[in-house]
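Below: one structure, written as structure tokens.
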Amino acid sequence: MSQPLLELRNLTTVFPTRRGLVRAVDGLDLTVREGEKLGIVGESGSGKSVTLLSILRLVPPPGRIVAGDVLFRGESLLAKSSSEMRRVRGRKIAMIFQDPMTTLNPVFRVGEQIRESLRIHGLVDGRGRARRRAEIERVIQVLNDVGIPYPEESLRRYPHEFSGGMQQRAIIAIALSCEPQLLLADEPTTALDVTIQAQILDLLERINRERGMGIILVTHNLGVVAEFCDTIAIMYAGQIMEKGATEEVTTEPLHPYTRGLLRCLPRIYGKREKIRPIPGLVPDLATLPPGCPFAPRCDVVRPECREDRRIPLKEVEPGRWVRCLLY
Ligand SMILES: Nc1ncnc2c1ncn2[C@@H]1O[C@H](COP(=O)(O)OP(=O)(O)OP(=O)(O)O)[C@@H](O)[C@H]1O
Ligand SMILES: [Mg+2]
């Protein structure tokens, strides 16, 4: 196995709110190896975006990381100075944010925005016109890589002149322009129609293969993750409920929550089964019940699940983890 690229150890991020402290990320342990594609899946509000923001130390105040560590190639990112952190962002770890318009600036041409990212990280050598030419060549190459047609013309366009799929490609182009070793992709395809979604995932797959870039793909769509990722972590109320190889998690889910998520997936091929939604609502993190946070919605809940203690994440087979008293 290749060495860990990223390790989260007991990562804990909280938001003080009027109704109490919200543990948006609650003691998270995760590893991403070089070239690995990890999917983080969970319903809205389970802490997926806050996990990615915590990795890059971009949690909006008053939210803050209160415990744990983030190791990138064995070095703690939490111990780095803000200027060291700026060099990590984009250059070593790039992020595609959930809302595309937080990345694209409507008043600058797309090509300019990619050039800016190259400039910030000092990636193109030379001076004056030679440097400008080298930058533009690199922009054209990056636009080509992400499948934007006619890159020489497209780089002069403004974001609003692009379709949704093209905007998403432009965002990926900015993220990839500095050749990061790890890409954090927060719902990169959710707003797109399924054919474009497939093209974007294909593109990420190709770059993962060609460059060995690690990817964390965050989505609420288990179907997308099952197609794309090597490993899956299922998140609920800021905690990992289950993790393991995609094949195993999707064919033999252990946690009742994972089983519930799988039952919500429409089957297009094979036997038709009724889609059964998970009963109940996503929990309010400020008023979680004692014990297992999934207990109120669980169809195999037992009295001990509601006892006031934290249920441990257990390794039931090598690489196969579950946080449930059934195991
Ligand atoms: N700026 C904030 N202020 C207060 N609480 C916040 C803030 N951002 C997130 N939270 C809390 O953290 C929890 C996790 O939020 P997060 O955005 O990580 O969810 P998510 O899993 O990405 O959901 P979605 O699928 O809707 O994007 C939320 O339920 C919310 O209670
Ligand atoms: Mg989110």
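Each chain in the structure tokens gets a letter, A, B, ..., in the order shown, and its residues are numbered from 1; ligands are numbered from 1 in order too.
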
Excluding range 306-311 of chain A and residues on its chain fewer than 4 positions from it, collect all residues at most 7 Å away from it, counting only C-alpha atoms, and give them as a ChimeraX atom specification.
/A:290-292,295,323-324

Return as an NGL selection string the residues of protein, DNA or RNA that approach ligand 2 to within 12 Å, with only C-alpha atoms and all ligand atoms taken into account.
:A and (24 or 40-53 or 96-99 or 184-188 or 190 or 217-220 or 235 or 238)

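Take the candidates A:Gly319, A:Gly165, A:Gly126, A:Gly90 and check each one against Lys243 in chain A using only C-alpha atoms; the shortest distance goes to A:Gly319.
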
For Pro312 in chain A, find every residue with an atom within 12 Å (counting only C-alpha atoms), except residues of its own chain fewer than 3 positions away, and show them as a ChimeraX atom specification.
/A:27-29,239-242,291-292,305,309,315-316,321-327

With range 61-74 of chain A as the partner and 12 Å as the cut-off, tabulate the residues of range 91-188 of chain A that qualify, each row holding the nearest pair of atoms and their distance in Å to one decimal, using only C-alpha atoms, sorted by chain and rising number, as CSV.
```
residue,atom,partner,partner_atom,distance
A:Lys92,CA,A:Phe72,CA,9.3
A:Ile93,CA,A:Phe72,CA,9.1
A:Gln181,CA,A:Phe72,CA,10.1
A:Leu182,CA,A:Phe72,CA,9.5
```

Per DSSP on the backbone, filter range 169-268 of chain A down to the residues in helix (DSSP H, G or I) and report them as a PyMOL selection string.
chain A and resi 169-176+194-211+222-228+246-251+256-263

Can you write just those residues out, N, CA and C atoms, as a short mmCIF file (atom, residue, chain, number, x, y, z; two decimals), in the first residue's frame?
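Result file follows (out38.cif):
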```
data_model
loop_
_atom_site.label_atom_id
_atom_site.label_comp_id
_atom_site.auth_asym_id
_atom_site.auth_seq_id
_atom_site.Cartn_x
_atom_site.Cartn_y
_atom_site.Cartn_z
N ARG A 169 -16.20 23.02 -15.26
CA ARG A 169 -14.90 22.65 -15.82
C ARG A 169 -13.87 23.75 -15.55
N ALA A 170 -14.32 25.01 -15.66
CA ALA A 170 -13.39 26.13 -15.41
C ALA A 170 -12.92 26.10 -13.95
N ILE A 171 -13.83 25.77 -13.05
CA ILE A 171 -13.46 25.69 -11.63
C ILE A 171 -12.45 24.57 -11.41
N ILE A 172 -12.70 23.45 -12.08
CA ILE A 172 -11.76 22.34 -11.96
C ILE A 172 -10.42 22.75 -12.56
N ALA A 173 -10.46 23.52 -13.65
CA ALA A 173 -9.22 23.98 -14.27
C ALA A 173 -8.42 24.84 -13.29
N ILE A 174 -9.10 25.72 -12.56
CA ILE A 174 -8.39 26.55 -11.56
C ILE A 174 -7.79 25.65 -10.48
N ALA A 175 -8.58 24.69 -10.02
CA ALA A 175 -8.09 23.80 -8.97
C ALA A 175 -6.90 22.97 -9.44
N LEU A 176 -6.92 22.57 -10.72
CA LEU A 176 -5.85 21.69 -11.19
C LEU A 176 -4.64 22.44 -11.73
N VAL A 194 -27.12 14.68 -15.67
CA VAL A 194 -26.38 13.43 -15.50
C VAL A 194 -25.31 13.18 -16.56
N THR A 195 -25.53 13.63 -17.80
CA THR A 195 -24.51 13.36 -18.81
C THR A 195 -23.26 14.18 -18.53
N ILE A 196 -23.47 15.45 -18.11
CA ILE A 196 -22.32 16.29 -17.81
C ILE A 196 -21.65 15.82 -16.52
N GLN A 197 -22.45 15.38 -15.58
CA GLN A 197 -21.92 14.80 -14.35
C GLN A 197 -20.96 13.66 -14.69
N ALA A 198 -21.37 12.79 -15.60
CA ALA A 198 -20.52 11.65 -15.97
C ALA A 198 -19.23 12.14 -16.63
N GLN A 199 -19.33 13.18 -17.46
CA GLN A 199 -18.13 13.70 -18.11
C GLN A 199 -17.15 14.28 -17.09
N ILE A 200 -17.68 15.00 -16.10
CA ILE A 200 -16.80 15.63 -15.09
C ILE A 200 -16.12 14.54 -14.25
N LEU A 201 -16.88 13.51 -13.90
CA LEU A 201 -16.29 12.42 -13.11
C LEU A 201 -15.22 11.68 -13.92
N ASP A 202 -15.49 11.51 -15.21
CA ASP A 202 -14.50 10.90 -16.12
C ASP A 202 -13.21 11.70 -16.11
N LEU A 203 -13.39 13.01 -16.18
CA LEU A 203 -12.25 13.91 -16.19
C LEU A 203 -11.43 13.78 -14.90
N LEU A 204 -12.11 13.77 -13.77
CA LEU A 204 -11.40 13.64 -12.49
C LEU A 204 -10.69 12.29 -12.42
N GLU A 205 -11.37 11.28 -12.91
CA GLU A 205 -10.80 9.94 -12.92
C GLU A 205 -9.50 9.90 -13.73
N ARG A 206 -9.53 10.55 -14.90
CA ARG A 206 -8.36 10.55 -15.77
C ARG A 206 -7.17 11.24 -15.09
N ILE A 207 -7.45 12.38 -14.46
CA ILE A 207 -6.37 13.12 -13.82
C ILE A 207 -5.84 12.35 -12.61
N ASN A 208 -6.73 11.69 -11.91
CA ASN A 208 -6.32 10.83 -10.80
C ASN A 208 -5.37 9.74 -11.30
N ARG A 209 -5.71 9.14 -12.43
CA ARG A 209 -4.91 8.05 -12.98
C ARG A 209 -3.58 8.55 -13.51
N GLU A 210 -3.63 9.66 -14.27
CA GLU A 210 -2.41 10.14 -14.92
C GLU A 210 -1.42 10.73 -13.93
N ARG A 211 -1.93 11.43 -12.93
CA ARG A 211 -1.01 12.15 -12.03
C ARG A 211 -0.91 11.52 -10.65
N LEU A 222 -24.89 8.51 -2.99
CA LEU A 222 -24.15 7.27 -2.82
C LEU A 222 -23.90 6.58 -4.16
N GLY A 223 -24.81 6.77 -5.11
CA GLY A 223 -24.65 6.17 -6.43
C GLY A 223 -23.39 6.67 -7.12
N VAL A 224 -23.16 7.99 -7.05
CA VAL A 224 -21.98 8.59 -7.67
C VAL A 224 -20.71 8.03 -7.04
N VAL A 225 -20.70 7.96 -5.73
CA VAL A 225 -19.52 7.47 -5.02
C VAL A 225 -19.25 6.01 -5.35
N ALA A 226 -20.32 5.22 -5.44
CA ALA A 226 -20.15 3.80 -5.72
C ALA A 226 -19.47 3.59 -7.07
N GLU A 227 -19.76 4.46 -8.03
CA GLU A 227 -19.16 4.37 -9.36
C GLU A 227 -17.70 4.81 -9.35
N PHE A 228 -17.42 5.83 -8.56
CA PHE A 228 -16.19 6.59 -8.75
C PHE A 228 -15.10 6.26 -7.74
N THR A 246 -15.16 0.49 -1.35
CA THR A 246 -16.46 0.77 -1.95
C THR A 246 -17.26 -0.50 -2.22
N GLU A 247 -16.59 -1.45 -2.84
CA GLU A 247 -17.20 -2.73 -3.19
C GLU A 247 -17.88 -3.36 -1.97
N GLU A 248 -17.16 -3.37 -0.84
CA GLU A 248 -17.70 -4.02 0.36
C GLU A 248 -18.82 -3.20 0.99
N VAL A 249 -18.61 -1.89 1.08
CA VAL A 249 -19.63 -1.06 1.73
C VAL A 249 -20.94 -1.08 0.94
N THR A 250 -20.84 -1.12 -0.39
CA THR A 250 -22.08 -1.07 -1.17
C THR A 250 -22.75 -2.44 -1.32
N THR A 251 -21.96 -3.52 -1.29
CA THR A 251 -22.61 -4.82 -1.45
C THR A 251 -22.96 -5.45 -0.10
N PRO A 256 -26.84 0.23 9.98
CA PRO A 256 -28.23 0.42 9.56
C PRO A 256 -28.43 1.71 8.75
N TYR A 257 -27.64 2.73 9.03
CA TYR A 257 -27.76 3.98 8.26
C TYR A 257 -27.31 3.76 6.82
N THR A 258 -26.21 3.06 6.63
CA THR A 258 -25.73 2.78 5.27
C THR A 258 -26.77 1.96 4.51
N ARG A 259 -27.33 0.97 5.20
CA ARG A 259 -28.37 0.16 4.54
C ARG A 259 -29.54 1.02 4.13
N GLY A 260 -29.90 1.95 5.01
CA GLY A 260 -30.98 2.88 4.70
C GLY A 260 -30.67 3.73 3.48
N LEU A 261 -29.44 4.22 3.41
CA LEU A 261 -29.05 5.05 2.25
C LEU A 261 -29.11 4.23 0.97
N LEU A 262 -28.68 2.98 1.03
CA LEU A 262 -28.69 2.14 -0.17
C LEU A 262 -30.11 1.83 -0.62
N ARG A 263 -31.02 1.69 0.35
CA ARG A 263 -32.42 1.41 -0.02
C ARG A 263 -33.08 2.61 -0.68
#
```

Top pick for closest residue to ligand 1, considering A:Gly244, A:Pro60, A:Pro318, A:Gly280 and counting only C-alpha atoms and all ligand atoms
A:Pro60

Set the distance at 9 Å and use only C-alpha atoms: which residues neighbour range 137-144 of chain A once local chain neighbours fewer than 4 positions away are removed? I'd like the list as a PyMOL selection string.
chain A and resi 111-112+114-115+118+124+132-133+148-152+154-155+169-170+173-174+176-177

For the atom pair CA of Glu153 in chain A and CA of Ala134 in chain A, what is the interatomic distance in Å to one decimal place?
16.8 Å

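Minimum distance to ligand 1 across A:Leu6, A:Leu58, A:Ala130, A:Leu265 (counting only C-alpha atoms and all ligand atoms) occurs at A:Leu58.
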
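Proximity of A:Pro283, A:Pro4, A:Gly214, A:Gly35 to ligand 1, computed with only C-alpha atoms and all ligand atoms, is greatest for A:Pro283.
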
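Taking CA of Thr231 in chain A and CA of Asp26 in chain A as endpoints, the distance between them is 20.3 Å.
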
What parts of range 9-67 of chain A does DSSP call strand (DSSP E)? I'd like the answer as a ChimeraX atom specification.
/A:9-17,20-33,37-41,64-67

Mind writing the picked residues with C-alpha atoms as a PDB file, in the first residue's frame?
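Okay, out.pdb is ready:
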```
ATOM      1  CA  ARG A   9      -6.914  12.153  13.615  1.00  0.00           C
ATOM      2  CA  ASN A  10      -9.791  12.791  15.992  1.00  0.00           C
ATOM      3  CA  LEU A  11     -10.550  15.984  14.053  1.00  0.00           C
ATOM      4  CA  THR A  12     -13.164  18.007  15.932  1.00  0.00           C
ATOM      5  CA  THR A  13     -14.675  21.287  14.695  1.00  0.00           C
ATOM      6  CA  VAL A  14     -17.359  23.148  16.621  1.00  0.00           C
ATOM      7  CA  PHE A  15     -19.676  26.109  16.087  1.00  0.00           C
ATOM      8  CA  PRO A  16     -20.989  27.962  19.125  1.00  0.00           C
ATOM      9  CA  THR A  17     -24.666  28.725  18.522  1.00  0.00           C
ATOM     10  CA  GLY A  20     -25.569  25.267  22.294  1.00  0.00           C
ATOM     11  CA  LEU A  21     -22.284  24.005  20.906  1.00  0.00           C
ATOM     12  CA  VAL A  22     -22.620  22.251  17.547  1.00  0.00           C
ATOM     13  CA  ARG A  23     -20.012  19.577  16.925  1.00  0.00           C
ATOM     14  CA  ALA A  24     -20.118  19.747  13.129  1.00  0.00           C
ATOM     15  CA  VAL A  25     -17.108  17.413  12.878  1.00  0.00           C
ATOM     16  CA  ASP A  26     -16.934  15.110  15.858  1.00  0.00           C
ATOM     17  CA  GLY A  27     -13.736  13.107  16.357  1.00  0.00           C
ATOM     18  CA  LEU A  28     -13.091  12.188  12.730  1.00  0.00           C
ATOM     19  CA  ASP A  29     -10.430   9.607  11.809  1.00  0.00           C
ATOM     20  CA  LEU A  30      -9.717   9.209   8.093  1.00  0.00           C
ATOM     21  CA  THR A  31      -6.768   8.344   5.864  1.00  0.00           C
ATOM     22  CA  VAL A  32      -6.296   9.072   2.182  1.00  0.00           C
ATOM     23  CA  ARG A  33      -3.424   7.301   0.457  1.00  0.00           C
ATOM     24  CA  LYS A  37     -10.276   8.282  -4.342  1.00  0.00           C
ATOM     25  CA  LEU A  38     -12.219   8.537  -1.099  1.00  0.00           C
ATOM     26  CA  GLY A  39     -15.918   9.353  -1.074  1.00  0.00           C
ATOM     27  CA  ILE A  40     -17.573  10.992   1.925  1.00  0.00           C
ATOM     28  CA  VAL A  41     -21.332  10.447   1.868  1.00  0.00           C
ATOM     29  CA  ARG A  64     -13.079  26.457  15.068  1.00  0.00           C
ATOM     30  CA  ILE A  65     -11.061  23.274  15.292  1.00  0.00           C
ATOM     31  CA  VAL A  66     -10.888  22.338  18.970  1.00  0.00           C
ATOM     32  CA  ALA A  67      -9.201  18.933  18.912  1.00  0.00           C
TER      33      ALA A  67
END
```

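Between CA of Glu161 in chain A and CA of Val107 in chain A the separation is 11.5 Å.
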
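Considering only C-alpha atoms, the residue among A:His160, A:Arg57, A:Arg320, A:Arg89 positioned nearest to Met101 in chain A is A:His160.
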
Measuring between only C-alpha atoms and all ligand atoms, which one of A:Ile120, A:Tyr236, A:Arg131, A:Gly147 shows the shortest distance to ligand 1?
A:Tyr236

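Every protein, DNA or RNA residue with an atom at most 8 Å from Glu34 in chain A, where only C-alpha atoms count and chain neighbours fewer than 5 positions away do not, is listed here: Ser2, Gln3, Pro4, Leu5, Gly212, Met213 and Gly214 of chain A.
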